[in-house]
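Structure file query08.pdb with PDB, C-alpha atoms and all ligand atoms:
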ATOM      1  CA  MET A   1      24.522 -41.489 -67.300
ATOM      2  CA  ASN A   2      27.813 -39.697 -67.660
ATOM      3  CA  ALA A   3      27.510 -36.325 -69.333
ATOM      4  CA  GLU A   4      30.920 -34.872 -68.571
ATOM      5  CA  ARG A   5      32.006 -32.157 -71.003
ATOM      6  CA  LEU A   6      35.506 -33.107 -72.021
ATOM      7  CA  ALA A   7      38.092 -30.380 -72.535
ATOM      8  CA  TRP A   8      39.180 -31.635 -75.968
ATOM      9  CA  HIS A   9      35.659 -31.562 -77.453
ATOM     10  CA  ALA A  10      35.421 -27.764 -77.659
ATOM     11  CA  HIS A  11      35.675 -27.720 -81.446
ATOM     12  CA  GLN A  12      32.956 -30.368 -81.904
ATOM     13  CA  TRP A  13      30.648 -28.546 -79.488
ATOM     14  CA  GLY A  14      31.254 -25.367 -81.441
ATOM     15  CA  ARG A  15      30.156 -27.119 -84.650
ATOM     16  CA  ILE A  16      26.999 -28.497 -83.054
ATOM     17  CA  ALA A  17      26.101 -25.136 -81.499
ATOM     18  CA  ALA A  18      26.567 -23.411 -84.869
ATOM     19  CA  MET A  19      24.400 -25.995 -86.670
ATOM     20  CA  GLN A  20      21.734 -25.761 -84.002
ATOM     21  CA  SER A  21      21.591 -21.961 -83.979
ATOM     22  CA  GLY A  22      21.391 -21.899 -87.780
ATOM     23  CA  ALA A  23      18.655 -24.563 -87.736
ATOM     24  CA  ARG A  24      21.015 -26.743 -89.762
ATOM     25  CA  LEU A  25      21.228 -29.714 -87.437
ATOM     26  CA  PRO A  26      20.847 -32.752 -89.729
ATOM     27  CA  HIS A  27      18.653 -35.826 -89.117
ATOM     28  CA  ALA A  28      21.643 -38.011 -88.481
ATOM     29  CA  LEU A  29      25.121 -37.470 -87.096
ATOM     30  CA  LEU A  30      27.943 -39.993 -87.157
ATOM     31  CA  LEU A  31      30.488 -39.427 -84.414
ATOM     32  CA  ARG A  32      33.644 -41.192 -85.515
ATOM     33  CA  GLY A  33      37.157 -41.496 -84.199
ATOM     34  CA  PRO A  34      39.380 -43.892 -82.283
ATOM     35  CA  GLU A  35      38.187 -45.747 -79.215
ATOM     36  CA  GLY A  36      38.601 -43.985 -75.889
ATOM     37  CA  VAL A  37      38.335 -40.333 -76.929
ATOM     38  CA  GLY A  38      34.875 -39.814 -75.402
ATOM     39  CA  LYS A  39      32.516 -40.040 -78.398
ATOM     40  CA  LEU A  40      29.804 -41.775 -76.393
ATOM     41  CA  GLU A  41      30.081 -39.192 -73.589
ATOM     42  CA  PHE A  42      29.696 -36.488 -76.231
ATOM     43  CA  ALA A  43      26.672 -38.247 -77.758
ATOM     44  CA  ARG A  44      24.960 -38.638 -74.385
ATOM     45  CA  ARG A  45      25.562 -35.041 -73.468
ATOM     46  CA  LEU A  46      24.350 -33.921 -76.889
ATOM     47  CA  VAL A  47      21.025 -35.753 -76.684
ATOM     48  CA  THR A  48      20.594 -34.491 -73.114
ATOM     49  CA  ALA A  49      21.184 -30.916 -74.297
ATOM     50  CA  LEU A  50      18.761 -31.336 -77.216
ATOM     51  CA  LEU A  51      15.978 -32.789 -75.067
ATOM     52  CA  CYS A  52      16.565 -30.399 -72.133
ATOM     53  CA  GLU A  53      13.407 -28.396 -71.467
ATOM     54  CA  ARG A  54      15.180 -25.080 -71.132
ATOM     55  CA  ASP A  55      14.014 -22.542 -73.728
ATOM     56  CA  ALA A  56      17.247 -22.062 -75.622
ATOM     57  CA  PHE A  57      19.691 -24.765 -76.669
ATOM     58  CA  ASP A  58      22.833 -24.820 -74.577
ATOM     59  CA  VAL A  59      25.730 -27.273 -74.831
ATOM     60  CA  ASP A  60      25.505 -27.457 -71.034
ATOM     61  CA  PRO A  61      22.134 -29.092 -70.268
ATOM     62  CA  CYS A  62      20.478 -27.759 -67.100
ATOM     63  CA  GLY A  63      20.640 -31.128 -65.342
ATOM     64  CA  THR A  64      17.567 -30.389 -63.249
ATOM     65  CA  CYS A  65      14.528 -30.332 -65.556
ATOM     66  CA  ARG A  66      12.257 -33.371 -65.954
ATOM     67  CA  SER A  67      13.952 -34.374 -69.186
ATOM     68  CA  CYS A  68      17.513 -34.100 -67.846
ATOM     69  CA  ARG A  69      16.554 -36.100 -64.769
ATOM     70  CA  LEU A  70      14.847 -38.833 -66.813
ATOM     71  CA  ILE A  71      17.878 -39.135 -69.069
ATOM     72  CA  ALA A  72      20.141 -39.376 -66.033
ATOM     73  CA  ALA A  73      17.928 -42.251 -64.856
ATOM     74  CA  ASP A  74      17.968 -43.864 -68.340
ATOM     75  CA  THR A  75      14.176 -43.662 -68.552
ATOM     76  CA  HIS A  76      13.380 -40.786 -70.945
ATOM     77  CA  PRO A  77      10.516 -41.966 -73.187
ATOM     78  CA  ASP A  78      11.745 -39.964 -76.207
ATOM     79  CA  LEU A  79      15.356 -41.110 -76.054
ATOM     80  CA  HIS A  80      15.908 -44.493 -77.654
ATOM     81  CA  ALA A  81      19.058 -46.574 -77.568
ATOM     82  CA  LEU A  82      20.072 -49.041 -80.229
ATOM     83  CA  GLU A  83      22.893 -51.205 -78.888
ATOM     84  CA  PRO A  84      23.835 -54.893 -78.814
ATOM     85  CA  PRO A  85      21.647 -56.691 -76.242
ATOM     86  CA  ASP A  86      23.340 -58.234 -73.193
ATOM     87  CA  GLY A  87      25.452 -61.195 -74.211
ATOM     88  CA  LYS A  88      25.187 -60.424 -77.941
ATOM     89  CA  ALA A  89      27.820 -58.887 -80.160
ATOM     90  CA  GLN A  90      25.499 -57.388 -82.776
ATOM     91  CA  ILE A  91      22.461 -55.167 -83.212
ATOM     92  CA  GLY A  92      19.877 -57.276 -85.029
ATOM     93  CA  ILE A  93      17.085 -56.553 -87.492
ATOM     94  CA  ASP A  94      14.324 -57.194 -84.911
ATOM     95  CA  GLN A  95      15.729 -54.467 -82.677
ATOM     96  CA  VAL A  96      15.729 -52.035 -85.591
ATOM     97  CA  ARG A  97      12.129 -52.900 -86.534
ATOM     98  CA  GLU A  98      11.036 -52.345 -82.949
ATOM     99  CA  LEU A  99      12.878 -49.042 -82.818
ATOM    100  CA  ILE A 100      11.255 -47.855 -86.050
ATOM    101  CA  GLY A 101       7.878 -48.618 -84.510
ATOM    102  CA  ARG A 102       8.711 -46.570 -81.432
ATOM    103  CA  VAL A 103      10.132 -43.504 -83.195
ATOM    104  CA  GLY A 104       7.068 -43.511 -85.446
ATOM    105  CA  LEU A 105       4.955 -42.544 -82.431
ATOM    106  CA  THR A 106       4.472 -38.936 -81.369
ATOM    107  CA  ALA A 107       7.036 -37.730 -78.838
ATOM    108  CA  GLN A 108       5.652 -38.374 -75.355
ATOM    109  CA  TYR A 109       6.737 -34.947 -74.198
ATOM    110  CA  GLY A 110       5.826 -33.245 -77.438
ATOM    111  CA  GLY A 111       9.367 -32.183 -78.238
ATOM    112  CA  ARG A 112      12.288 -33.706 -79.997
ATOM    113  CA  LYS A 113      13.123 -37.422 -80.085
ATOM    114  CA  ALA A 114      16.606 -38.858 -80.201
ATOM    115  CA  VAL A 115      18.103 -42.229 -81.047
ATOM    116  CA  LEU A 116      21.572 -43.220 -79.901
ATOM    117  CA  VAL A 117      23.148 -45.991 -81.996
ATOM    118  CA  ALA A 118      26.336 -47.308 -80.408
ATOM    119  CA  PRO A 119      28.537 -48.959 -81.447
ATOM    120  CA  ALA A 120      27.037 -48.391 -84.905
ATOM    121  CA  GLU A 121      29.442 -50.824 -86.594
ATOM    122  CA  ARG A 122      27.680 -53.615 -84.692
ATOM    123  CA  LEU A 123      24.555 -53.298 -86.852
ATOM    124  CA  THR A 124      24.163 -56.440 -88.931
ATOM    125  CA  ARG A 125      23.949 -55.842 -92.665
ATOM    126  CA  ALA A 126      20.213 -56.621 -92.613
ATOM    127  CA  ALA A 127      19.676 -54.336 -89.609
ATOM    128  CA  ALA A 128      21.553 -51.517 -91.358
ATOM    129  CA  ASN A 129      19.454 -51.939 -94.515
ATOM    130  CA  THR A 130      16.266 -51.854 -92.486
ATOM    131  CA  LEU A 131      17.361 -48.643 -90.789
ATOM    132  CA  LEU A 132      18.178 -46.771 -94.026
ATOM    133  CA  LYS A 133      14.822 -45.259 -94.874
ATOM    134  CA  THR A 134      14.147 -44.079 -91.316
ATOM    135  CA  LEU A 135      17.645 -42.628 -91.147
ATOM    136  CA  GLU A 136      16.984 -40.625 -94.296
ATOM    137  CA  GLU A 137      13.555 -39.348 -93.319
ATOM    138  CA  PRO A 138      13.056 -39.767 -89.592
ATOM    139  CA  PRO A 139       9.475 -39.255 -88.434
ATOM    140  CA  GLY A 140       8.793 -36.013 -86.583
ATOM    141  CA  ASP A 141      11.650 -34.128 -85.041
ATOM    142  CA  THR A 142      14.009 -37.063 -84.517
ATOM    143  CA  LEU A 143      17.789 -36.947 -84.398
ATOM    144  CA  PHE A 144      19.883 -40.071 -84.915
ATOM    145  CA  VAL A 145      23.317 -40.042 -83.289
ATOM    146  CA  LEU A 146      25.520 -42.891 -84.445
ATOM    147  CA  VAL A 147      28.782 -43.557 -82.637
ATOM    148  CA  SER A 148      31.570 -45.619 -84.156
ATOM    149  CA  HIS A 149      35.280 -46.192 -83.777
ATOM    150  CA  ARG A 150      35.251 -48.286 -86.939
ATOM    151  CA  ALA A 151      33.147 -46.020 -89.130
ATOM    152  CA  ALA A 152      34.815 -47.335 -92.292
ATOM    153  CA  ALA A 153      33.204 -50.709 -91.516
ATOM    154  CA  LEU A 154      29.721 -49.201 -91.776
ATOM    155  CA  PRO A 155      27.848 -49.650 -95.072
ATOM    156  CA  ALA A 156      28.388 -46.660 -97.399
ATOM    157  CA  THR A 157      24.608 -46.274 -97.579
ATOM    158  CA  ILE A 158      24.509 -45.573 -93.827
ATOM    159  CA  ARG A 159      27.498 -43.240 -93.878
ATOM    160  CA  SER A 160      26.128 -41.209 -96.785
ATOM    161  CA  ARG A 161      22.979 -40.422 -94.788
ATOM    162  CA  CYS A 162      24.909 -39.015 -91.831
ATOM    163  CA  GLN A 163      26.830 -35.851 -91.226
ATOM    164  CA  MET A 164      30.269 -36.779 -89.894
ATOM    165  CA  VAL A 165      31.696 -35.315 -86.733
ATOM    166  CA  ASP A 166      35.339 -36.316 -86.251
ATOM    167  CA  PHE A 167      36.940 -37.010 -82.899
ATOM    168  CA  PRO A 168      40.726 -37.195 -83.191
ATOM    169  CA  THR A 169      42.933 -37.988 -80.192
ATOM    170  CA  PRO A 170      43.724 -34.777 -78.299
ATOM    171  CA  PRO A 171      47.249 -33.427 -77.731
ATOM    172  CA  ALA A 172      48.891 -34.917 -74.617
ATOM    173  CA  ALA A 173      49.067 -31.452 -73.057
ATOM    174  CA  VAL A 174      45.243 -31.363 -73.017
ATOM    175  CA  ALA A 175      44.718 -34.974 -71.911
ATOM    176  CA  ARG A 176      47.385 -35.003 -69.161
ATOM    177  CA  PRO A 177      45.701 -32.614 -66.701
ATOM    178  CA  TRP A 178      42.357 -34.402 -67.178
ATOM    179  CA  LEU A 179      43.898 -37.737 -66.170
ATOM    180  CA  GLY A 180      44.991 -36.308 -62.831
ATOM    181  CA  LEU A 181      48.074 -38.564 -62.607
ATOM    182  CA  ASP A 182      51.668 -37.531 -62.194
ATOM    183  CA  ASP A 183      53.260 -36.657 -65.534
ATOM    184  CA  GLU A 184      55.229 -39.875 -65.951
ATOM    185  CA  ALA A 185      52.261 -42.129 -65.172
ATOM    186  CA  ALA A 186      50.031 -40.018 -67.419
ATOM    187  CA  ASP A 187      52.510 -40.213 -70.301
ATOM    188  CA  THR A 188      52.873 -44.000 -69.948
ATOM    189  CA  ALA A 189      49.098 -44.504 -69.886
ATOM    190  CA  LEU A 190      48.565 -42.150 -72.842
ATOM    191  CA  ARG A 191      51.312 -43.801 -74.873
ATOM    192  CA  LEU A 192      49.876 -47.291 -74.264
ATOM    193  CA  ALA A 193      46.399 -46.009 -75.133
ATOM    194  CA  HIS A 194      47.674 -44.391 -78.351
ATOM    195  CA  GLY A 195      46.683 -40.985 -77.022
ATOM    196  CA  ALA A 196      43.055 -41.839 -76.166
ATOM    197  CA  PRO A 197      42.407 -40.268 -72.732
ATOM    198  CA  LEU A 198      39.486 -42.448 -71.606
ATOM    199  CA  SER A 199      41.375 -45.621 -72.481
ATOM    200  CA  ALA A 200      44.429 -44.211 -70.692
ATOM    201  CA  ARG A 201      42.350 -43.649 -67.570
ATOM    202  CA  VAL A 202      41.053 -47.239 -67.668
ATOM    203  CA  LEU A 203      44.619 -48.481 -68.084
ATOM    204  CA  ALA A 204      45.926 -46.448 -65.195
ATOM    205  CA  THR A 205      43.105 -47.087 -62.744
ATOM    206  CA  GLY A 206      41.317 -50.229 -63.963
ATOM    207  CA  GLY A 207      44.118 -52.795 -63.772
ATOM    208  CA  GLY A 208      45.287 -52.469 -67.392
ATOM    209  CA  LEU A 209      48.921 -51.888 -66.514
ATOM    210  CA  GLU A 210      48.896 -54.878 -64.169
ATOM    211  CA  ALA A 211      47.407 -56.996 -66.965
ATOM    212  CA  ARG A 212      50.202 -55.952 -69.324
ATOM    213  CA  GLU A 213      52.753 -56.830 -66.659
ATOM    214  CA  ALA A 214      51.208 -60.283 -66.201
ATOM    215  CA  VAL A 215      51.248 -60.968 -69.956
ATOM    216  CA  LEU A 216      54.819 -59.736 -70.286
ATOM    217  CA  GLU A 217      55.898 -61.978 -67.411
ATOM    218  CA  ASP A 218      54.164 -64.958 -69.035
ATOM    219  CA  LEU A 219      55.916 -64.305 -72.335
ATOM    220  CA  GLU A 220      59.300 -64.150 -70.626
ATOM    221  CA  GLY A 221      58.489 -67.457 -68.903
ATOM    222  CA  LEU A 222      57.236 -69.098 -72.106
ATOM    223  CA  VAL A 223      60.255 -68.068 -74.154
ATOM    224  CA  SER A 224      62.682 -69.249 -71.462
ATOM    225  CA  GLY A 225      60.724 -72.494 -71.017
ATOM    226  CA  ALA A 226      59.902 -71.795 -67.363
ATOM    227  CA  ARG A 227      56.179 -71.220 -67.892
ATOM    228  CA  ASP A 228      53.664 -73.892 -68.868
ATOM    229  CA  PRO A 229      51.582 -72.843 -71.919
ATOM    230  CA  VAL A 230      48.334 -74.228 -70.498
ATOM    231  CA  GLU A 231      48.787 -72.208 -67.298
ATOM    232  CA  ALA A 232      49.681 -69.096 -69.250
ATOM    233  CA  ALA A 233      46.546 -69.532 -71.375
ATOM    234  CA  GLU A 234      44.430 -69.877 -68.234
ATOM    235  CA  ARG A 235      45.885 -66.691 -66.800
ATOM    236  CA  TRP A 236      45.190 -64.825 -70.055
ATOM    237  CA  ARG A 237      41.630 -66.076 -70.002
ATOM    238  CA  ASP A 238      41.222 -64.751 -66.470
ATOM    239  CA  LEU A 239      42.456 -61.336 -67.624
ATOM    240  CA  GLY A 240      39.666 -61.269 -70.215
ATOM    241  CA  LEU A 241      40.159 -62.691 -73.687
ATOM    242  CA  LEU A 242      40.101 -59.426 -75.640
ATOM    243  CA  ASP A 243      42.311 -57.616 -73.132
ATOM    244  CA  ALA A 244      44.842 -60.440 -73.212
ATOM    245  CA  LEU A 245      44.832 -60.483 -77.022
ATOM    246  CA  HIS A 246      45.213 -56.708 -77.046
ATOM    247  CA  TRP A 247      48.364 -56.869 -74.918
ATOM    248  CA  LEU A 248      49.759 -59.829 -76.827
ATOM    249  CA  GLN A 249      49.311 -58.011 -80.130
ATOM    250  CA  SER A 250      50.701 -54.748 -78.835
ATOM    251  CA  LEU A 251      53.777 -56.483 -77.360
ATOM    252  CA  VAL A 252      54.397 -58.459 -80.567
ATOM    253  CA  CYS A 253      54.257 -55.230 -82.587
ATOM    254  CA  ASP A 254      56.948 -53.730 -80.361
ATOM    255  CA  LEU A 255      59.082 -56.862 -80.627
ATOM    256  CA  VAL A 256      58.859 -56.657 -84.421
ATOM    257  CA  ARG A 257      59.924 -53.005 -84.203
ATOM    258  CA  LEU A 258      62.925 -53.968 -82.068
ATOM    259  CA  LYS A 259      63.892 -56.713 -84.525
ATOM    260  CA  ASN A 260      63.716 -54.143 -87.291
ATOM    261  CA  GLY A 261      66.263 -51.957 -85.558
ATOM    262  CA  ARG A 262      64.020 -49.512 -83.738
ATOM    263  CA  SER A 263      65.361 -48.218 -80.439
ATOM    264  CA  ALA A 264      63.781 -49.264 -77.135
ATOM    265  CA  HIS A 265      62.777 -45.715 -76.229
ATOM    266  CA  SER A 266      60.669 -45.360 -79.402
ATOM    267  CA  LEU A 267      58.471 -48.339 -78.465
ATOM    268  CA  THR A 268      54.856 -48.235 -77.296
ATOM    269  CA  HIS A 269      56.136 -50.139 -74.241
ATOM    270  CA  SER A 270      59.237 -47.976 -73.837
ATOM    271  CA  ASP A 271      58.743 -47.914 -70.052
ATOM    272  CA  ARG A 272      59.534 -51.670 -70.168
ATOM    273  CA  GLY A 273      62.229 -51.291 -72.801
ATOM    274  CA  ALA A 274      64.838 -53.476 -71.058
ATOM    275  CA  ALA A 275      62.398 -56.362 -70.618
ATOM    276  CA  MET A 276      61.346 -56.049 -74.264
ATOM    277  CA  GLN A 277      64.958 -56.125 -75.464
ATOM    278  CA  HIS A 278      65.599 -59.210 -73.378
ATOM    279  CA  LEU A 279      62.483 -60.895 -74.739
ATOM    280  CA  ALA A 280      63.437 -60.044 -78.320
ATOM    281  CA  LEU A 281      66.724 -61.941 -77.951
ATOM    282  CA  GLY A 282      64.875 -65.258 -77.797
ATOM    283  CA  LEU A 283      62.678 -64.628 -80.859
ATOM    284  CA  ASP A 284      63.090 -64.192 -84.582
ATOM    285  CA  LEU A 285      60.957 -62.259 -87.062
ATOM    286  CA  ILE A 286      59.403 -65.320 -88.716
ATOM    287  CA  ARG A 287      58.072 -66.506 -85.383
ATOM    288  CA  LEU A 288      56.897 -63.030 -84.435
ATOM    289  CA  PHE A 289      54.908 -62.698 -87.658
ATOM    290  CA  ARG A 290      53.393 -66.134 -87.089
ATOM    291  CA  LEU A 291      52.404 -65.073 -83.575
ATOM    292  CA  PHE A 292      50.950 -61.871 -84.943
ATOM    293  CA  ASP A 293      48.813 -63.844 -87.409
ATOM    294  CA  LEU A 294      47.619 -66.205 -84.677
ATOM    295  CA  ILE A 295      46.633 -63.295 -82.428
ATOM    296  CA  VAL A 296      44.807 -61.404 -85.188
ATOM    297  CA  GLU A 297      42.978 -64.580 -86.176
ATOM    298  CA  ALA A 298      41.976 -65.191 -82.543
ATOM    299  CA  ARG A 299      40.705 -61.626 -82.214
ATOM    300  CA  ARG A 300      38.612 -61.991 -85.337
ATOM    301  CA  ALA A 301      37.189 -65.281 -84.105
ATOM    302  CA  ALA A 302      36.473 -63.833 -80.655
ATOM    303  CA  LEU A 303      34.557 -60.913 -82.143
ATOM    304  CA  GLY A 304      32.566 -62.915 -84.635
ATOM    305  CA  GLN A 305      32.193 -66.644 -84.237
ATOM    306  CA  LEU A 306      29.684 -68.579 -82.207
ATOM    307  CA  ASN A 307      31.700 -71.772 -81.753
ATOM    308  CA  PHE A 308      34.900 -70.472 -80.356
ATOM    309  CA  ASN A 309      37.056 -72.189 -77.744
ATOM    310  CA  GLU A 310      38.881 -69.489 -75.788
ATOM    311  CA  GLN A 311      41.165 -71.798 -73.852
ATOM    312  CA  LEU A 312      42.305 -73.793 -76.899
ATOM    313  CA  THR A 313      42.907 -70.653 -78.922
ATOM    314  CA  LEU A 314      44.978 -69.057 -76.170
ATOM    315  CA  GLU A 315      46.874 -72.305 -75.619
ATOM    316  CA  SER A 316      47.824 -72.456 -79.293
ATOM    317  CA  ILE A 317      49.211 -68.915 -78.983
ATOM    318  CA  ALA A 318      51.092 -69.761 -75.773
ATOM    319  CA  ILE A 319      52.556 -72.892 -77.372
ATOM    320  CA  ALA A 320      53.703 -70.886 -80.377
ATOM    321  CA  TRP A 321      55.684 -68.600 -78.070
ATOM    322  CA  ARG A 322      57.363 -71.581 -76.542
ATOM    323  CA  GLN A 323      58.209 -73.760 -79.529
ATOM    324  CA  ASP A 324      61.844 -73.238 -80.176
ATOM    325  CA  GLY A 325      62.580 -71.941 -83.646
ATOM    326  CA  ALA A 326      59.247 -73.298 -84.940
TER     327      ALA A 326
HETATM  328 ZN    ZN A 401      17.376 -29.851 -68.580
END
Starting from the file, give its structure as structure tokens.
Amino acid sequence: MNAERLAWHAHQWGRIAAMQSGARLPHALLLRGPEGVGKLEFARRLVTALLCERDAFDVDPCGTCRSCRLIAADTHPDLHALEPPDGKAQIGIDQVRELIGRVGLTAQYGGRKAVLVAPAERLTRAAANTLLKTLEEPPGDTLFVLVSHRAAALPATIRSRCQMVDFPTPPAAVARPWLGLDDEAADTALRLAHGAPLSARVLATGGGLEAREAVLEDLEGLVSGARDPVEAAERWRDLGLLDALHWLQSLVCDLVRLKNGRSAHSLTHSDRGAAMQHLALGLDLIRLFRLFDLIVEARRAALGQLNFNEQLTLESIAIAWRQDGA
């Protein structure tokens, strides 16, 4: 369990420490902000610090007591996680009922209990409703920590029972040294990740930039007629459906910007400005907006529907890139 203290969370730690020392820590916190800024890392470290067996609360948990070691091993009996089960997109009502049963019991170690709900926006409506009463009056000394990068999608009834802790993207000057890349690579990764350092790190080290390159190459091939749409769709599927859709959407947005007169160096993909300008020559705005709609629709379907054919959906997008003037 990663409990790194991130440099750009100093303000949020200060708030928590002040609440804790004034005995004003609420029953429920909602950590909200864009994806990739380290909210989950903060939440994990927070529950570790709160359950740490050291006498006084410290934002740096000791790491060596029984509690810290059990949390590191993901086996602390008083720390409960509410997350989508493997292979499922949502947190269901049965999981919430089971959780309520467990937090209703006395803490095994006699201290505080904690519940980590992440990503909180994945609670079904019924699951959220079932959680409400427990969230308002948790049994014993229980803290709920909800984590969400789409907090606005949570029911108002859930949000109103939580104290918000905001996690904006940090300034590049703070994120850059943490990434440990050379400045140019760090700036490219941060720009593509919209300033979110953890996402930038995944991009730079986890094959994200290569995936963008592959998608960009496919688009050039589709527009020129050199690439077969079915093959392109297969390659996108291999990259991972949501990753492929992410790059497709992000590239289309830049192409729309170019068509609207924005300069290549102001683009999200400014490091590939020449390729983007070349690609834009073969496309018009009507087609770009149609592509944008197709991609957004595919994303929605991928996140929600049960009967969803990845290959066919990606093929329809690839074909739409290729159809001349359609
Ligand atoms: Zn400890």
Discussion item. List the spatial neighbours of A:Leu245 as a list in words - criterion: any atom at most 8 Å away, all atoms listed in the file, same-chain residues fewer than 5 positions off excluded.
Written reply: Ile295, Ala298 and Arg299 of chain A
Restrict the selected residues to C-alpha atoms and save them as an mmCIF file, in the frame of the given file.
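Contents of result.cif, freshly written:
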data_model
loop_
_atom_site.group_PDB
_atom_site.id
_atom_site.type_symbol
_atom_site.label_atom_id
_atom_site.label_comp_id
_atom_site.auth_asym_id
_atom_site.auth_seq_id
_atom_site.Cartn_x
_atom_site.Cartn_y
_atom_site.Cartn_z
ATOM 1 C CA ILE A 295 46.633 -63.295 -82.428
ATOM 2 C CA ALA A 298 41.976 -65.191 -82.543
ATOM 3 C CA ARG A 299 40.705 -61.626 -82.214
#
Worksheet item: Hey, can you pull every residue with an atom no more than 12 Å from (65.3, -51.0, -80.4), using all atoms listed in the file, and send it as a ChimeraX atom specification?
Response: /A:254-270,272-281
Practice prompt. Name all residues at most 10 Å from A:Leu40 (count all atoms listed in the file; drop same-chain ones fewer than 2 positions away) and give them as a PyMOL selection string.
Written response: chain A and resi 2-3+31-32+35-38+42-46+116-119+145-148
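The smallest atom-to-atom distance between A:Ser199 and any of A:Ala72, A:Ala302, A:Ile100, A:Ala175, using all atoms listed in the file, is found for A:Ala175.
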Would you list the contacts of A:Leu294 as a PDB file with C-alpha atoms, keeping the file's coordinate frame, taking every protein, DNA or RNA residue within 9 Å and counting all atoms listed in the file, but skipping same-chain residues closer than 2 positions in sequence?
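So result11.pdb came out as:
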ATOM      1  CA  PHE A 289      54.908 -62.698 -87.658  1.00  0.00           C
ATOM      2  CA  ARG A 290      53.393 -66.134 -87.089  1.00  0.00           C
ATOM      3  CA  LEU A 291      52.404 -65.073 -83.575  1.00  0.00           C
ATOM      4  CA  PHE A 292      50.950 -61.871 -84.943  1.00  0.00           C
ATOM      5  CA  VAL A 296      44.807 -61.404 -85.188  1.00  0.00           C
ATOM      6  CA  GLU A 297      42.978 -64.580 -86.176  1.00  0.00           C
ATOM      7  CA  ALA A 298      41.976 -65.191 -82.543  1.00  0.00           C
ATOM      8  CA  ARG A 299      40.705 -61.626 -82.214  1.00  0.00           C
ATOM      9  CA  THR A 313      42.907 -70.653 -78.922  1.00  0.00           C
ATOM     10  CA  SER A 316      47.824 -72.456 -79.293  1.00  0.00           C
ATOM     11  CA  ILE A 317      49.211 -68.915 -78.983  1.00  0.00           C
ATOM     12  CA  ALA A 320      53.703 -70.886 -80.377  1.00  0.00           C
TER      13      ALA A 320
END
Discussion item. Since I can't run it myself right now, could you work out what the PyMOL selection byres (((not hetatm)) within 9 of (chain A and resi 401)) selects here and report it as a VMD selection string?
Written reply: chain A and resid 48 to 54 60 to 69
Item to complete: Considering only C-alpha atoms, return as an MDAnalysis selection string whatever protein or nucleic-acid residues lie within 9 Å of A:Leu99, sequence-local ones (same chain, fewer than 4 positions apart) excluded.
Response: chainID A and resid 80:82 94:95 103:104 115
